[in-house]
Every structure is written in structure tokens, then in C-alpha cells.
>>> print(open('upload06.cif').read())   # mmCIF, C-alpha atoms; chains and numbers go by the auth columns
data_query
loop_
_atom_site.group_PDB
_atom_site.id
_atom_site.type_symbol
_atom_site.label_atom_id
_atom_site.label_comp_id
_atom_site.label_asym_id
_atom_site.label_seq_id
_atom_site.Cartn_x
_atom_site.Cartn_y
_atom_site.Cartn_z
_atom_site.B_iso_or_equiv
_atom_site.auth_seq_id
_atom_site.auth_asym_id
ATOM 1 C CA MET A 1 89.769 105.047 118.150 0.00 542 A
ATOM 2 C CA GLN A 2 91.157 101.813 116.745 0.00 543 A
ATOM 3 C CA ILE A 3 94.793 101.103 115.978 0.00 544 A
ATOM 4 C CA VAL A 4 95.611 98.921 112.982 0.00 545 A
ATOM 5 C CA TYR A 5 98.978 97.809 111.662 0.00 546 A
ATOM 6 C CA THR A 6 100.782 97.736 108.334 0.00 547 A
ATOM 7 C CA SER A 7 101.859 94.379 106.881 0.00 548 A
ATOM 8 C CA GLN A 8 98.720 92.553 107.980 0.00 549 A
ATOM 9 C CA THR A 9 95.005 92.223 107.359 0.00 550 A
ATOM 10 C CA ASN A 10 93.020 94.182 109.960 0.00 551 A
ATOM 11 C CA VAL A 11 89.428 93.808 111.131 0.00 552 A
ATOM 12 C CA ILE A 12 87.391 96.924 111.802 0.00 553 A
ATOM 13 C CA ALA A 13 84.200 96.691 113.838 0.00 554 A
ATOM 14 C CA LEU A 14 81.212 98.943 114.465 0.00 555 A
ATOM 15 C CA PRO A 15 77.946 98.523 116.408 0.00 556 A
ATOM 16 C CA ILE A 16 74.824 99.149 114.294 0.00 557 A
ATOM 17 C CA VAL A 17 71.604 100.241 116.020 0.00 558 A
ATOM 18 C CA ALA A 18 68.096 100.821 114.626 0.00 559 A
ATOM 19 C CA LYS A 19 66.804 104.429 114.607 0.00 560 A
ATOM 20 C CA ALA A 20 63.237 103.404 115.357 0.00 561 A
ATOM 21 C CA SER A 21 63.810 101.194 118.400 0.00 562 A
ATOM 22 C CA GLY A 22 67.406 101.556 119.555 0.00 563 A
ATOM 23 C CA ASN A 23 67.752 97.781 119.209 0.00 564 A
ATOM 24 C CA PRO A 24 70.833 96.220 117.612 0.00 565 A
ATOM 25 C CA ILE A 25 70.555 95.481 113.901 0.00 566 A
ATOM 26 C CA THR A 26 71.461 91.813 113.582 0.00 567 A
ATOM 27 C CA ALA A 27 70.426 90.977 110.012 0.00 568 A
ATOM 28 C CA GLY A 28 70.340 92.520 106.568 0.00 569 A
ATOM 29 C CA THR A 29 73.082 94.312 104.704 0.00 570 A
ATOM 30 C CA VAL A 30 75.503 96.676 106.397 0.00 571 A
ATOM 31 C CA ASN A 31 78.157 98.332 104.252 0.00 572 A
ATOM 32 C CA PHE A 32 81.330 99.816 105.682 0.00 573 A
ATOM 33 C CA TYR A 33 82.969 102.923 104.272 0.00 574 A
ATOM 34 C CA MET A 34 86.507 104.103 104.907 0.00 575 A
ATOM 35 C CA ARG A 35 87.905 107.533 104.118 0.00 576 A
ATOM 36 C CA ALA A 36 91.594 108.475 104.391 0.00 577 A
ATOM 37 C CA LEU A 37 92.005 111.635 106.474 0.00 578 A
ATOM 38 C CA THR A 38 95.750 112.051 105.931 0.00 579 A
ATOM 39 C CA GLY A 39 98.406 110.777 103.545 0.00 580 A
ATOM 40 C CA THR A 40 98.500 110.399 99.766 0.00 581 A
ATOM 41 C CA ASN A 41 94.797 109.470 99.563 0.00 582 A
ATOM 42 C CA ALA A 42 93.522 112.118 102.015 0.00 583 A
ATOM 43 C CA GLY A 43 89.883 112.931 101.320 0.00 584 A
ATOM 44 C CA LYS A 44 89.286 109.761 99.273 0.00 585 A
ATOM 45 C CA TRP A 45 87.215 106.657 100.017 0.00 586 A
ATOM 46 C CA TYR A 46 88.534 103.130 99.723 0.00 587 A
ATOM 47 C CA ARG A 47 86.560 100.985 97.252 0.00 588 A
ATOM 48 C CA GLY A 48 86.935 97.337 98.175 0.00 589 A
ATOM 49 C CA SER A 49 85.574 95.918 94.920 0.00 590 A
ATOM 50 C CA ASP A 50 88.734 96.897 93.033 0.00 591 A
ATOM 51 C CA GLN A 51 90.999 97.969 95.922 0.00 592 A
ATOM 52 C CA SER A 52 91.244 101.575 94.719 0.00 593 A
ATOM 53 C CA TRP A 53 90.827 105.026 96.262 0.00 594 A
ATOM 54 C CA GLN A 54 87.960 107.158 94.916 0.00 595 A
ATOM 55 C CA ALA A 55 87.052 110.868 95.117 0.00 596 A
ATOM 56 C CA ALA A 56 83.372 109.976 95.651 0.00 597 A
ATOM 57 C CA GLU A 57 81.909 107.964 98.533 0.00 598 A
ATOM 58 C CA SER A 58 82.549 104.260 97.885 0.00 599 A
ATOM 59 C CA ILE A 59 81.818 101.031 99.726 0.00 600 A
ATOM 60 C CA ALA A 60 84.827 99.422 101.382 0.00 601 A
ATOM 61 C CA GLY A 61 82.894 96.193 101.806 0.00 602 A
ATOM 62 C CA ALA A 62 79.818 94.416 103.107 0.00 603 A
ATOM 63 C CA ALA A 63 80.241 93.668 106.803 0.00 604 A
ATOM 64 C CA THR A 64 79.476 90.434 108.611 0.00 605 A
ATOM 65 C CA HIS A 65 77.334 90.341 111.739 0.00 606 A
ATOM 66 C CA ALA A 66 79.353 88.994 114.681 0.00 607 A
ATOM 67 C CA ALA A 67 76.902 89.261 117.590 0.00 608 A
ATOM 68 C CA ASP A 68 74.315 91.593 119.143 0.00 609 A
ATOM 69 C CA GLY A 69 74.538 94.272 116.445 0.00 610 A
ATOM 70 C CA HIS A 70 78.325 94.258 116.200 0.00 611 A
ATOM 71 C CA TRP A 71 79.436 94.120 112.577 0.00 612 A
ATOM 72 C CA GLU A 72 82.948 93.428 111.263 0.00 613 A
ATOM 73 C CA LEU A 73 84.871 93.871 108.051 0.00 614 A
ATOM 74 C CA SER A 74 88.304 92.445 107.282 0.00 615 A
ATOM 75 C CA LEU A 75 90.448 94.705 105.107 0.00 616 A
ATOM 76 C CA ALA A 76 93.568 93.438 103.340 0.00 617 A
ATOM 77 C CA LEU A 77 97.046 94.667 104.184 0.00 618 A
ATOM 78 C CA ALA A 78 97.225 96.644 100.905 0.00 619 A
ATOM 79 C CA VAL A 79 94.711 99.152 102.335 0.00 620 A
ATOM 80 C CA TRP A 80 96.852 100.294 105.232 0.00 621 A
ATOM 81 C CA THR A 81 99.574 102.943 105.062 0.00 622 A
ATOM 82 C CA LYS A 82 101.859 103.719 108.002 0.00 623 A
ATOM 83 C CA ASP A 83 100.982 106.842 110.005 0.00 624 A
ATOM 84 C CA VAL A 84 97.771 107.511 108.064 0.00 625 A
ATOM 85 C CA ALA A 85 94.523 108.354 109.855 0.00 626 A
ATOM 86 C CA TYR A 86 91.210 106.997 108.554 0.00 627 A
ATOM 87 C CA LEU A 87 87.520 107.429 109.327 0.00 628 A
ATOM 88 C CA ALA A 88 85.350 104.305 109.140 0.00 629 A
ATOM 89 C CA TYR A 89 81.562 104.406 109.191 0.00 630 A
ATOM 90 C CA ALA A 90 78.710 102.079 108.352 0.00 631 A
ATOM 91 C CA LYS A 91 75.293 102.262 106.717 0.00 632 A
ATOM 92 C CA GLU A 92 72.472 99.743 106.892 0.00 633 A
ATOM 93 C CA SER A 93 71.112 99.310 103.341 0.00 634 A
ATOM 94 C CA GLY A 94 67.566 100.415 104.236 0.00 635 A
ATOM 95 C CA ASN A 95 68.795 103.547 106.062 0.00 636 A
ATOM 96 C CA LEU A 96 67.341 102.174 109.321 0.00 637 A
ATOM 97 C CA HIS A 97 70.513 102.827 111.347 0.00 638 A
ATOM 98 C CA ILE A 98 71.787 105.512 113.670 0.00 639 A
ATOM 99 C CA PRO A 99 74.987 106.901 112.104 0.00 640 A
ATOM 100 C CA VAL A 100 78.155 105.561 113.717 0.00 641 A
ATOM 101 C CA GLU A 101 81.841 106.144 112.996 0.00 642 A
ATOM 102 C CA LYS A 102 85.291 105.279 114.272 0.00 643 A
ATOM 103 C CA ASP A 103 88.684 106.947 113.895 0.00 644 A
ATOM 104 C CA ILE A 104 91.453 104.567 112.843 0.00 645 A
ATOM 105 C CA ILE A 105 95.210 105.121 112.879 0.00 646 A
ATOM 106 C CA CYS A 106 97.699 102.851 111.146 0.00 647 A
ATOM 107 C CA TRP A 107 101.003 102.079 112.840 0.00 648 A
ATOM 108 C CA SER A 108 103.992 100.115 111.659 0.00 649 A
ATOM 109 C CA GLU A 109 105.075 96.962 113.492 0.00 650 A
ATOM 110 C CA LEU A 110 108.090 98.872 114.835 0.00 651 A
ATOM 111 C CA THR A 111 105.820 101.530 116.366 0.00 652 A
ATOM 112 C CA LYS A 112 103.757 98.741 117.925 0.00 653 A
ATOM 113 C CA LYS A 113 106.889 97.277 119.550 0.00 654 A
ATOM 114 C CA MET A 114 108.071 100.670 120.801 0.00 655 A
ATOM 115 C CA VAL A 115 104.664 101.349 122.373 0.00 656 A
ATOM 116 C CA ALA A 116 104.752 97.929 124.036 0.00 657 A
ATOM 117 C CA TRP A 117 108.092 98.851 125.619 0.00 658 A
ATOM 118 C CA ASP A 118 106.886 102.325 126.672 0.00 659 A
ATOM 119 C CA PHE A 119 103.722 101.015 128.286 0.00 660 A
ATOM 120 C CA GLY A 120 105.328 98.170 130.168 0.00 661 A
ATOM 121 C CA LYS A 121 104.446 95.182 128.000 0.00 662 A
ATOM 122 C CA TRP A 122 107.698 93.406 128.891 0.00 663 A
ATOM 123 C CA ARG A 123 109.167 90.912 131.326 0.00 664 A
ATOM 124 C CA ASP A 124 112.521 89.519 132.415 0.00 665 A
ATOM 125 C CA LYS A 125 113.441 86.511 130.294 0.00 666 A
ATOM 126 C CA ASN A 126 113.159 83.261 132.217 0.00 667 A
ATOM 127 C CA GLY A 127 116.640 81.827 132.800 0.00 668 A
ATOM 128 C CA SER A 128 118.461 84.920 131.523 0.00 669 A
ATOM 129 C CA GLU A 129 118.466 87.645 134.153 0.00 670 A
ATOM 130 C CA GLU A 130 119.908 90.350 131.895 0.00 671 A
ATOM 131 C CA THR A 131 117.510 89.909 128.962 0.00 672 A
ATOM 132 C CA ILE A 132 114.170 91.714 128.733 0.00 673 A
ATOM 133 C CA GLU A 133 111.410 90.324 126.518 0.00 674 A
ATOM 134 C CA ILE A 134 109.063 92.805 124.828 0.00 675 A
ATOM 135 C CA LEU A 135 105.557 91.329 124.533 0.00 676 A
ATOM 136 C CA ASP A 136 103.035 91.800 121.759 0.00 677 A
ATOM 137 C CA PRO A 137 100.558 94.399 123.076 0.00 678 A
ATOM 138 C CA ASP A 138 97.675 92.565 121.385 0.00 679 A
ATOM 139 C CA ASP A 139 98.036 89.252 123.202 0.00 680 A
ATOM 140 C CA GLY A 140 100.398 90.132 126.075 0.00 681 A
ATOM 141 C CA SER A 141 102.408 86.924 125.739 0.00 682 A
ATOM 142 C CA THR A 142 104.106 86.621 122.326 0.00 683 A
ATOM 143 C CA VAL A 143 107.713 87.832 122.436 0.00 684 A
ATOM 144 C CA VAL A 144 108.259 90.419 119.663 0.00 685 A
ATOM 145 C CA ALA A 145 111.734 91.649 120.690 0.00 686 A
ATOM 146 C CA GLU A 146 114.505 91.060 123.205 0.00 687 A
ATOM 147 C CA ILE A 147 116.686 93.731 124.792 0.00 688 A
ATOM 148 C CA VAL A 148 120.057 93.116 126.428 0.00 689 A
ATOM 149 C CA PRO A 149 121.722 96.108 128.143 0.00 690 A
ATOM 150 C CA ASP A 150 125.432 96.529 127.350 0.00 691 A
ATOM 151 C CA ARG A 151 127.519 96.197 130.543 0.00 692 A
ATOM 152 C CA ASP A 152 130.090 98.777 129.451 0.00 693 A
ATOM 153 C CA SER A 153 127.945 101.518 127.898 0.00 694 A
ATOM 154 C CA PRO A 154 124.471 103.076 128.038 0.00 695 A
ATOM 155 C CA TYR A 155 123.550 101.213 124.853 0.00 696 A
ATOM 156 C CA LYS A 156 121.341 98.168 124.425 0.00 697 A
ATOM 157 C CA GLN A 157 121.304 95.322 121.936 0.00 698 A
ATOM 158 C CA VAL A 158 117.855 94.724 120.466 0.00 699 A
ATOM 159 C CA SER A 159 116.911 91.591 118.546 0.00 700 A
ATOM 160 C CA PHE A 160 113.673 90.594 116.877 0.00 701 A
ATOM 161 C CA PRO A 161 112.875 86.855 116.953 0.00 702 A
#
>>> encode(input="upload06.cif", output="C-alpha cells")
Amino acid sequence: MQIVYTSQTNVIALPIVAKASGNPITAGTVNFYMRALTGTNAGKWYRGSDQSWQAAESIAGAATHAADGHWELSLALAVWTKDVAYLAYAKESGNLHIPVEKDIICWSELTKKMVAWDFGKWRDKNGSEETIEILDPDDGSTVVAEIVPDRDSPYKQVSFP
């Protein structure tokens, strides 16, 4: 499963392998398809050519080969809806591939920050012993929020830089 986020362009990636040999497909045309599994567009495919959702299977876009049979497609922020699940799959244009798919879930930036806190992506702020920095779970170093416990209550003050 891959997690993507609202409010940003996201890259989806899939490995494409030849049926005949099991070798990576490194050239040619590989199209990616994306179907919404939940939400307003559930059961529809995203068509990248006009950025619309279609009832029939549609191409999200032509992927780019990155390395060793790994193909990537960048999809604009307009595609992604918070808390929606998607299924991405790819087809080599000559039907020489082994079918491959990936489940994708879209989270909001707030969910991303809450998960970072829950899973321990935080540290004490240097020079400020009572401030905790929440780190971006993608890079592990960018501060995405700061938390300061209130001395007189069980509450905390949260700020987003």
C-alpha cells in the first residue's frame, strides 16, 4: 500500500515485468490506470488527459521508466481526495507484462502530522526543553509542528510553522 497526501502532487510507482522472461520491462510504453474504490468517484477511473473521472477504464497517464523496470507517474493534487482509497495498476502497451497493482490511500496533511506524533517521529527542541518538535514522516527531519505542554493543565499548545 502507498500513502499519498492531499494538497500536493504525488508520484505513484509500480514495477513492470515481462511475462515471457520475468525480466524487468525498461523501455516502451507503460500506461498507469487509477480507479477510486471509495468516495464520490467510487468505481470510476481517473482520465489524465482531461482530469476527469470516467465510468469506463481510462488511462491516468503514460509512466516514465525510473530504473530496472520501476515505472513512475506524477499525478496532480487535483486527483487526490482526503480519506479516499484508490487502486493503481499498469499495462505495457503490447500486453507483454505480468499484471501488477497497488492500493493507495489519501490522507490529509493533518493526518500525516498526527501519525508522525503517534509513531514517534518527534524530538525535544534544541534549546527549549519543554517544546517537542513533530517531524515530517517522509524525511524525518523537517519540523511540521511544535507542541508545548501547559504547566497548569493537561492541555497542550500546538503550532504549525
>>> atom_distance(input="upload06.cif", atom1="CA of Ile673 in chain A", atom2="CA of Pro695 in chain A")
15.4 Å
>>> resolve_selection(input="upload06.cif", expression="the PyMOL selection byres ((chain A and resi 685) around 6)", output="list in words")
Ile675, Leu676, Asp677, Val684 and Ala686 of chain A
>>> residues_near_point(input="upload06.cif", point="(76.3, 94.6, 105.5)", cutoff="12 Å", atoms="all atoms listed in the file", output="compact mmCIF listing (two decimals) with C-alpha atoms, in the frame of the given file")
# COMPACT_ATOMS: atom_id res chain seq x y z
CA ALA A 554 84.20 96.69 113.84
CA LEU A 555 81.21 98.94 114.46
CA PRO A 556 77.95 98.52 116.41
CA ILE A 557 74.82 99.15 114.29
CA ILE A 566 70.56 95.48 113.90
CA THR A 567 71.46 91.81 113.58
CA ALA A 568 70.43 90.98 110.01
CA GLY A 569 70.34 92.52 106.57
CA THR A 570 73.08 94.31 104.70
CA VAL A 571 75.50 96.68 106.40
CA ASN A 572 78.16 98.33 104.25
CA PHE A 573 81.33 99.82 105.68
CA TYR A 574 82.97 102.92 104.27
CA ILE A 600 81.82 101.03 99.73
CA ALA A 601 84.83 99.42 101.38
CA GLY A 602 82.89 96.19 101.81
CA ALA A 603 79.82 94.42 103.11
CA ALA A 604 80.24 93.67 106.80
CA THR A 605 79.48 90.43 108.61
CA HIS A 606 77.33 90.34 111.74
CA ALA A 607 79.35 88.99 114.68
CA GLY A 610 74.54 94.27 116.44
CA HIS A 611 78.32 94.26 116.20
CA TRP A 612 79.44 94.12 112.58
CA GLU A 613 82.95 93.43 111.26
CA LEU A 614 84.87 93.87 108.05
CA TYR A 630 81.56 104.41 109.19
CA ALA A 631 78.71 102.08 108.35
CA LYS A 632 75.29 102.26 106.72
CA GLU A 633 72.47 99.74 106.89
CA SER A 634 71.11 99.31 103.34
CA GLY A 635 67.57 100.42 104.24
CA ASN A 636 68.80 103.55 106.06
CA HIS A 638 70.51 102.83 111.35
>>> residues_around(input="upload06.cif", residues="Lys666 in chain A", least_positions_apart="3", cutoff="10 Å", atoms="only C-alpha atoms", output="number ranges by chain")
A: 663, 669-675, 684, 687-688
>>> axis_aligned_box(input="upload06.cif", around="range 675-689 of chain A", padding_each_side="4 Å", output="AutoDock Vina command-line options")
--center_x 108.9 --center_y 90.5 --center_z 123.0 --size_x 30.4 --size_y 15.8 --size_z 14.8
>>> atom_distance(input="upload06.cif", atom1="CA of Lys654 in chain A", atom2="CA of Lys623 in chain A")
14.1 Å
>>> closest_residue(input="upload06.cif", among="A:Ser599, A:Thr683, A:Asn551, A:Thr622", to="Asn582 in chain A", atoms="all atoms listed in the file")
A:Thr622
>>> residues_around(input="upload06.cif", residues="Ile645 in chain A", least_positions_apart="6", cutoff="10 Å", atoms="only C-alpha atoms", output="VMD selection string")
chain A and resid 542 to 545 553 575 to 578 625 to 629
>>> write_last_selection(input="upload06.cif", atoms="C-alpha atoms", output="short mmCIF file (atom, residue, chain, number, x, y, z; two decimals), in the frame of the given file")
data_model
loop_
_atom_site.label_atom_id
_atom_site.label_comp_id
_atom_site.auth_asym_id
_atom_site.auth_seq_id
_atom_site.Cartn_x
_atom_site.Cartn_y
_atom_site.Cartn_z
CA MET A 542 89.77 105.05 118.15
CA GLN A 543 91.16 101.81 116.74
CA ILE A 544 94.79 101.10 115.98
CA VAL A 545 95.61 98.92 112.98
CA ILE A 553 87.39 96.92 111.80
CA MET A 575 86.51 104.10 104.91
CA ARG A 576 87.90 107.53 104.12
CA ALA A 577 91.59 108.48 104.39
CA LEU A 578 92.00 111.64 106.47
CA VAL A 625 97.77 107.51 108.06
CA ALA A 626 94.52 108.35 109.86
CA TYR A 627 91.21 107.00 108.55
CA LEU A 628 87.52 107.43 109.33
CA ALA A 629 85.35 104.30 109.14
#
>>> build_atoms(input="upload06.cif", residues="range 575-586 of chain A", atoms="all heavy atoms", output="mmCIF file, in the frame of the given file")
data_model
loop_
_atom_site.group_PDB
_atom_site.id
_atom_site.type_symbol
_atom_site.label_atom_id
_atom_site.label_comp_id
_atom_site.auth_asym_id
_atom_site.auth_seq_id
_atom_site.Cartn_x
_atom_site.Cartn_y
_atom_site.Cartn_z
ATOM 1 N N MET A 575 85.288 103.645 104.259
ATOM 2 C CA MET A 575 86.507 104.103 104.907
ATOM 3 C C MET A 575 87.111 105.232 104.082
ATOM 4 O O MET A 575 87.350 105.083 102.880
ATOM 5 C CB MET A 575 87.523 102.978 105.063
ATOM 6 C CG MET A 575 88.673 103.402 105.943
ATOM 7 S SD MET A 575 89.788 102.065 106.363
ATOM 8 C CE MET A 575 90.522 101.742 104.785
ATOM 9 N N ARG A 576 87.350 106.341 104.762
ATOM 10 C CA ARG A 576 87.905 107.533 104.118
ATOM 11 C C ARG A 576 89.253 107.850 104.737
ATOM 12 O O ARG A 576 89.397 107.882 105.963
ATOM 13 C CB ARG A 576 86.945 108.701 104.327
ATOM 14 C CG ARG A 576 87.328 109.947 103.603
ATOM 15 C CD ARG A 576 86.175 110.953 103.662
ATOM 16 N NE ARG A 576 86.598 112.197 103.073
ATOM 17 C CZ ARG A 576 86.736 113.325 103.757
ATOM 18 N NH1 ARG A 576 86.475 113.360 105.041
ATOM 19 N NH2 ARG A 576 87.134 114.410 103.140
ATOM 20 N N ALA A 577 90.274 108.074 103.898
ATOM 21 C CA ALA A 577 91.594 108.475 104.391
ATOM 22 C C ALA A 577 91.519 109.950 104.799
ATOM 23 O O ALA A 577 91.010 110.783 104.050
ATOM 24 C CB ALA A 577 92.650 108.274 103.320
ATOM 25 N N LEU A 578 92.001 110.256 105.990
ATOM 26 C CA LEU A 578 92.005 111.635 106.474
ATOM 27 C C LEU A 578 93.349 112.322 106.245
ATOM 28 O O LEU A 578 93.417 113.548 106.183
ATOM 29 C CB LEU A 578 91.657 111.667 107.969
ATOM 30 C CG LEU A 578 90.295 111.077 108.333
ATOM 31 C CD1 LEU A 578 90.115 111.080 109.844
ATOM 32 C CD2 LEU A 578 89.176 111.845 107.647
ATOM 33 N N THR A 579 94.407 111.523 106.159
ATOM 34 C CA THR A 579 95.750 112.051 105.931
ATOM 35 C C THR A 579 96.442 111.186 104.880
ATOM 36 O O THR A 579 95.911 110.162 104.463
ATOM 37 C CB THR A 579 96.591 112.053 107.230
ATOM 38 O OG1 THR A 579 96.729 110.696 107.693
ATOM 39 C CG2 THR A 579 95.943 112.888 108.320
ATOM 40 N N GLY A 580 97.629 111.579 104.476
ATOM 41 C CA GLY A 580 98.406 110.777 103.545
ATOM 42 C C GLY A 580 98.080 111.051 102.091
ATOM 43 O O GLY A 580 97.318 111.965 101.754
ATOM 44 N N THR A 581 98.632 110.248 101.217
ATOM 45 C CA THR A 581 98.500 110.399 99.766
ATOM 46 C C THR A 581 97.044 110.394 99.311
ATOM 47 O O THR A 581 96.678 111.099 98.381
ATOM 48 C CB THR A 581 99.252 109.251 99.048
ATOM 49 O OG1 THR A 581 100.603 109.261 99.495
ATOM 50 C CG2 THR A 581 99.215 109.408 97.551
ATOM 51 N N ASN A 582 96.208 109.590 99.961
ATOM 52 C CA ASN A 582 94.797 109.470 99.563
ATOM 53 C C ASN A 582 93.848 110.289 100.438
ATOM 54 O O ASN A 582 92.645 110.006 100.468
ATOM 55 C CB ASN A 582 94.387 107.997 99.571
ATOM 56 C CG ASN A 582 95.110 107.227 98.503
ATOM 57 O OD1 ASN A 582 95.077 107.590 97.340
ATOM 58 N ND2 ASN A 582 95.798 106.166 98.890
ATOM 59 N N ALA A 583 94.357 111.297 101.125
ATOM 60 C CA ALA A 583 93.522 112.118 102.015
ATOM 61 C C ALA A 583 92.294 112.635 101.266
ATOM 62 O O ALA A 583 92.386 113.122 100.136
ATOM 63 C CB ALA A 583 94.330 113.291 102.563
ATOM 64 N N GLY A 584 91.135 112.472 101.905
ATOM 65 C CA GLY A 584 89.883 112.931 101.320
ATOM 66 C C GLY A 584 89.224 111.934 100.380
ATOM 67 O O GLY A 584 88.148 112.191 99.858
ATOM 68 N N LYS A 585 89.847 110.770 100.175
ATOM 69 C CA LYS A 585 89.286 109.761 99.273
ATOM 70 C C LYS A 585 88.752 108.573 100.067
ATOM 71 O O LYS A 585 89.184 108.311 101.180
ATOM 72 C CB LYS A 585 90.358 109.277 98.290
ATOM 73 C CG LYS A 585 90.828 110.353 97.335
ATOM 74 C CD LYS A 585 91.868 109.811 96.387
ATOM 75 C CE LYS A 585 92.366 110.880 95.434
ATOM 76 N NZ LYS A 585 93.434 110.360 94.563
ATOM 77 N N TRP A 586 87.807 107.855 99.428
ATOM 78 C CA TRP A 586 87.215 106.657 100.017
ATOM 79 C C TRP A 586 87.838 105.420 99.385
ATOM 80 O O TRP A 586 88.095 105.380 98.183
ATOM 81 C CB TRP A 586 85.712 106.624 99.752
ATOM 82 C CG TRP A 586 84.909 107.526 100.624
ATOM 83 C CD1 TRP A 586 84.262 107.174 101.779
ATOM 84 C CD2 TRP A 586 84.639 108.905 100.422
ATOM 85 N NE1 TRP A 586 83.620 108.262 102.309
ATOM 86 C CE2 TRP A 586 83.845 109.355 101.494
ATOM 87 C CE3 TRP A 586 85.015 109.831 99.455
ATOM 88 C CZ2 TRP A 586 83.402 110.655 101.608
ATOM 89 C CZ3 TRP A 586 84.582 111.143 99.568
ATOM 90 C CH2 TRP A 586 83.784 111.534 100.636
#
